[in-house]
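*Asks:* Structure: start_15.pdb, PDB, C-alpha atoms.
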ATOM      1  CA  MET Y   1       0.000   0.000   0.000
ATOM      2  CA  GLN Y   2       2.886   2.343   0.703
ATOM      3  CA  GLU Y   3       4.026   2.062  -2.921
ATOM      4  CA  LYS Y   4       0.533   2.938  -4.178
ATOM      5  CA  ALA Y   5       0.328   5.909  -1.816
ATOM      6  CA  ASN Y   6       3.720   7.148  -3.050
ATOM      7  CA  ALA Y   7       2.655   6.755  -6.689
ATOM      8  CA  PHE Y   8      -0.600   8.604  -6.002
ATOM      9  CA  SER Y   9       1.205  11.473  -4.281
ATOM     10  CA  GLU Y  10       3.781  11.665  -7.079
ATOM     11  CA  THR Y  11       1.103  11.726  -9.793
ATOM     12  CA  ALA Y  12      -0.786  14.449  -7.920
ATOM     13  CA  GLY Y  13       2.445  16.455  -7.668
ATOM     14  CA  ASN Y  14       3.047  16.110 -11.412
ATOM     15  CA  LEU Y  15      -0.394  17.633 -11.968
ATOM     16  CA  GLY Y  16       0.351  20.541  -9.647
ATOM     17  CA  LEU Y  17      -1.697  19.129  -6.768
ATOM     18  CA  LYS Y  18      -0.686  18.354  -3.202
ATOM     19  CA  VAL Y  19      -2.262  15.565  -1.148
ATOM     20  CA  SER Y  20      -3.267  16.848   2.290
ATOM     21  CA  THR Y  21      -2.010  14.433   4.936
ATOM     22  CA  LYS Y  22      -4.380  16.029   7.473
ATOM     23  CA  LYS Y  23      -7.453  15.274   5.345
ATOM     24  CA  THR Y  24      -6.286  11.894   4.009
ATOM     25  CA  LYS Y  25      -7.350   8.813   5.977
ATOM     26  CA  SER Y  26      -6.749   5.120   5.396
ATOM     27  CA  MET Y  27      -8.907   2.117   6.176
ATOM     28  CA  ARG Y  28      -7.925  -1.510   5.813
ATOM     29  CA  VAL Y  29     -10.671  -3.963   4.916
ATOM     30  CA  ASN Y  30      -9.960  -7.499   6.135
ATOM     31  CA  ALA Y  31      -6.201  -6.828   5.863
ATOM     32  CA  ARG Y  32      -3.499  -8.866   7.551
ATOM     33  CA  VAL Y  33      -0.669  -6.350   7.150
ATOM     34  CA  GLN Y  34      -0.832  -3.562   9.724
ATOM     35  CA  ASP Y  35       2.025  -1.307   8.548
ATOM     36  CA  SER Y  36       1.366   2.423   8.692
ATOM     37  CA  ILE Y  37       1.158   4.444   5.480
ATOM     38  CA  LYS Y  38       3.075   7.703   5.088
ATOM     39  CA  LEU Y  39       2.728  10.577   2.641
ATOM     40  CA  ASN Y  40       5.411  13.240   2.417
ATOM     41  CA  GLY Y  41       7.004  11.795   5.551
ATOM     42  CA  GLU Y  42       3.808  12.114   7.619
ATOM     43  CA  GLU Y  43       1.804   9.128   8.823
ATOM     44  CA  ILE Y  44      -1.789   8.914   7.563
ATOM     45  CA  GLU Y  45      -4.483   8.416  10.195
ATOM     46  CA  GLU Y  46      -6.138   5.000  10.083
ATOM     47  CA  VAL Y  47      -9.903   4.786  10.698
ATOM     48  CA  ASP Y  48     -12.338   1.914  11.335
ATOM     49  CA  SER Y  49     -15.195   3.461   9.343
ATOM     50  CA  PHE Y  50     -16.119   6.506   7.263
ATOM     51  CA  THR Y  51     -18.961   7.916   5.185
ATOM     52  CA  TYR Y  52     -18.485   7.974   1.410
ATOM     53  CA  LEU Y  53     -21.177   9.452  -0.849
ATOM     54  CA  GLY Y  54     -23.699   9.083   1.966
ATOM     55  CA  SER Y  55     -22.918   5.409   2.645
ATOM     56  CA  LYS Y  56     -21.236   4.196   5.810
ATOM     57  CA  MET Y  57     -18.223   1.987   5.085
ATOM     58  CA  SER Y  58     -16.558  -0.201   7.744
ATOM     59  CA  ASN Y  59     -13.283  -2.068   7.959
ATOM     60  CA  THR Y  60     -15.089  -5.408   8.300
ATOM     61  CA  GLY Y  61     -16.471  -5.072   4.778
ATOM     62  CA  ASP Y  62     -20.038  -5.953   5.769
ATOM     63  CA  ALA Y  63     -23.125  -3.817   5.218
ATOM     64  CA  GLU Y  64     -24.514  -3.990   8.753
ATOM     65  CA  VAL Y  65     -23.191  -0.549   9.715
ATOM     66  CA  GLU Y  66     -24.784   0.988   6.605
ATOM     67  CA  MET Y  67     -28.113  -0.761   7.227
ATOM     68  CA  ARG Y  68     -28.201   0.459  10.830
ATOM     69  CA  ALA Y  69     -27.415   4.028   9.734
ATOM     70  CA  ARG Y  70     -30.209   3.998   7.134
ATOM     71  CA  LEU Y  71     -32.721   2.509   9.570
ATOM     72  CA  LEU Y  72     -31.822   5.185  12.112
ATOM     73  CA  LYS Y  73     -32.357   7.966   9.541
ATOM     74  CA  ALA Y  74     -35.739   6.527   8.531
ATOM     75  CA  SER Y  75     -36.776   6.137  12.156
ATOM     76  CA  GLN Y  76     -35.843   9.749  12.896
ATOM     77  CA  ALA Y  77     -37.784  10.976   9.856
ATOM     78  CA  PHE Y  78     -40.940   9.122  10.916
ATOM     79  CA  ALA Y  79     -40.543  10.219  14.543
ATOM     80  CA  SER Y  80     -40.398  13.854  13.453
ATOM     81  CA  LEU Y  81     -43.758  13.406  11.674
ATOM     82  CA  ARG Y  82     -45.534  11.680  14.569
ATOM     83  CA  SER Y  83     -46.813  14.943  16.067
ATOM     84  CA  THR Y  84     -48.120  16.031  12.643
ATOM     85  CA  TRP Y  85     -50.057  12.799  12.166
ATOM     86  CA  LYS Y  86     -51.554  12.950  15.657
ATOM     87  CA  ALA Y  87     -52.498  16.636  15.472
ATOM     88  CA  THR Y  88     -56.176  17.147  16.259
ATOM     89  CA  LYS Y  89     -56.339  20.108  13.875
ATOM     90  CA  LEU Y  90     -55.329  17.923  10.942
ATOM     91  CA  GLN Y  91     -58.529  17.066   9.110
ATOM     92  CA  SER Y  92     -59.069  13.619   7.590
ATOM     93  CA  GLU Y  93     -59.161  15.093   4.064
ATOM     94  CA  ASP Y  94     -55.707  16.548   4.744
ATOM     95  CA  GLN Y  95     -54.466  13.154   5.837
ATOM     96  CA  ALA Y  96     -55.415  11.642   2.479
ATOM     97  CA  GLU Y  97     -53.044  13.965   0.645
ATOM     98  CA  ASN Y  98     -49.373  13.477  -0.052
ATOM     99  CA  ILE Y  99     -47.105  14.802   2.671
ATOM    100  CA  PRO Y 100     -43.610  15.625   1.380
ATOM    101  CA  VAL Y 101     -40.765  14.688   3.708
ATOM    102  CA  SER Y 102     -37.164  15.564   3.048
ATOM    103  CA  CYS Y 103     -33.899  14.619   4.726
ATOM    104  CA  ASP Y 104     -30.633  16.515   4.388
ATOM    105  CA  GLN Y 105     -28.784  13.961   2.280
ATOM    106  CA  HIS Y 106     -31.572  12.051   0.554
ATOM    107  CA  PRO Y 107     -34.178  12.839  -2.107
ATOM    108  CA  PRO Y 108     -37.675  13.816  -0.903
ATOM    109  CA  LEU Y 109     -39.914  11.030   0.361
ATOM    110  CA  ARG Y 110     -43.669  11.225  -0.191
ATOM    111  CA  ILE Y 111     -45.966   9.612   2.344
ATOM    112  CA  ARG Y 112     -49.633   9.051   1.539
ATOM    113  CA  ILE Y 113     -51.991   8.288   4.390
ATOM    114  CA  MET Y 114     -55.072   6.588   2.982
ATOM    115  CA  GLU Y 115     -57.175   5.936   6.085
ATOM    116  CA  ASP Y 116     -58.044   7.778   9.257
ATOM    117  CA  ASP Y 117     -57.653   4.634  11.345
ATOM    118  CA  GLN Y 118     -55.279   4.578  14.337
ATOM    119  CA  ASN Y 119     -54.451   0.912  13.659
ATOM    120  CA  HIS Y 120     -52.875   1.806  10.314
ATOM    121  CA  LEU Y 121     -50.585   4.635  11.490
TER     122      LEU Y 121
END
What is this file in structure tokens?
*Replies:*
Amino acid sequence: MQEKANAFSETAGNLGLKVSTKKTKSMRVNARVQDSIKLNGEEIEEVDSFTYLGSKMSNTGDAEVEMRARLLKASQAFASLRSTWKATKLQSEDQAENIPVSCDQHPPLRIRIMEDDQNHL
């Protein structure tokens, strides 16, 4: 890995770019070798997990961390709507309409409540 890191840093330098050792992190997935990686003489911080394009990656290589993170986000979104659904001022005709819900990092979610029955909420 050290050779690849050196080649990456050298290529970046040839293009007029500098790799920031403070922002660069490394993560080994199911790796046996535990040698540290250095760039420009500085050791790169090693992490157990990180978020890449909204997905949680872990050093075990499984998707359990990502699934838990997504379930937590969905649970929080529904919990934030609970007071809206239970509001006494909300008329039943309003409940039959689409309610747009948006999260910071995900496209809008539309929820349609079809019945005014407490057993279905």
*Asks:* Report as a PyMOL selection string all protein, DNA and RNA residues lying within 9 Å of range 22-25 of chain Y, evaluated on all atoms listed in the file, omitting residues in the same chain fewer than 5 positions from it.
*Replies:* chain Y and resi 44-47
*Asks:* Mind writing the picked residues with C-alpha atoms as a compact mmCIF listing (two decimals), keeping the file's coordinate frame?
*Replies:*
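result_14.txt was written with the following content:
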# COMPACT_ATOMS: atom_id res chain seq x y z
CA ILE Y 44 -1.79 8.91 7.56
CA GLU Y 45 -4.48 8.42 10.20
CA GLU Y 46 -6.14 5.00 10.08
CA VAL Y 47 -9.90 4.79 10.70
*Asks:* Could you please determine the separation between CA of Arg32 in chain Y and CA of Ser55 in chain Y in Å, to one decimal place?
*Replies:* 24.6 Å
*Asks:* Each side padded by 8 Å, which centre and which edge lengths in Å (one decimal) define the axis-aligned box around the listed atoms of range 15-30 of chain Y? Give them as JSON.
*Replies:*
{"center_x": -5.2, "center_y": 6.5, "center_z": -2.2, "size_x": 27.0, "size_y": 44.0, "size_z": 35.4}
*Asks:* Considering all atoms listed in the file, state which residue in the set Y:Ser26, Y:Gln2, Y:Asp62, Y:Gly13 is at the smallest distance from Asp48 in chain Y.
*Replies:*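 Among the listed residues, the smallest separation from Asp48 in chain Y belongs to Y:Ser26.
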*Asks:* Which residue gives the smallest distance to Glu43 in chain Y among Y:Gln76, Y:Asn59, Y:Ala5, Y:Asn14, with all atoms listed in the file counted?
*Replies:*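 Looking only at the distances to Glu43 in chain Y, the closest residue turns out to be Y:Ala5.
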*Asks:* Report the distance between CA of Ile37 in chain Y and CA of Gly54 in chain Y in Å, rounded to one decimal place.
*Replies:*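 Answer for the CA of Ile37 in chain Y to CA of Gly54 in chain Y separation: 25.5 Å.
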*Asks:* At what distance in Å, to one decimal, does CA of Lys56 in chain Y lie from CA of Ser75 in chain Y?
*Replies:*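 Between CA of Ser75 in chain Y and CA of Lys56 in chain Y the gap is 16.9 Å.
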*Asks:* Going by the chain IDs and residue numbers used in this file, which residues fall under the PyMOL selection byres ((chain Y and resi 1) around 12)? Write them as a PyMOL selection string.
*Replies:* chain Y and resi 2-8+26-28+31+33-39+44
*Asks:* Taking (-14.3, -5.2, 10.1) in the file's coordinates as the center, which residues reach within 7 Å of it, counting only C-alpha atoms, put as a list of chain:residue names?
*Replies:*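 Using only C-alpha atoms, the matching residues come out as Y:Val29, Y:Asn30, Y:Ser58, Y:Asn59, Y:Thr60, Y:Gly61.
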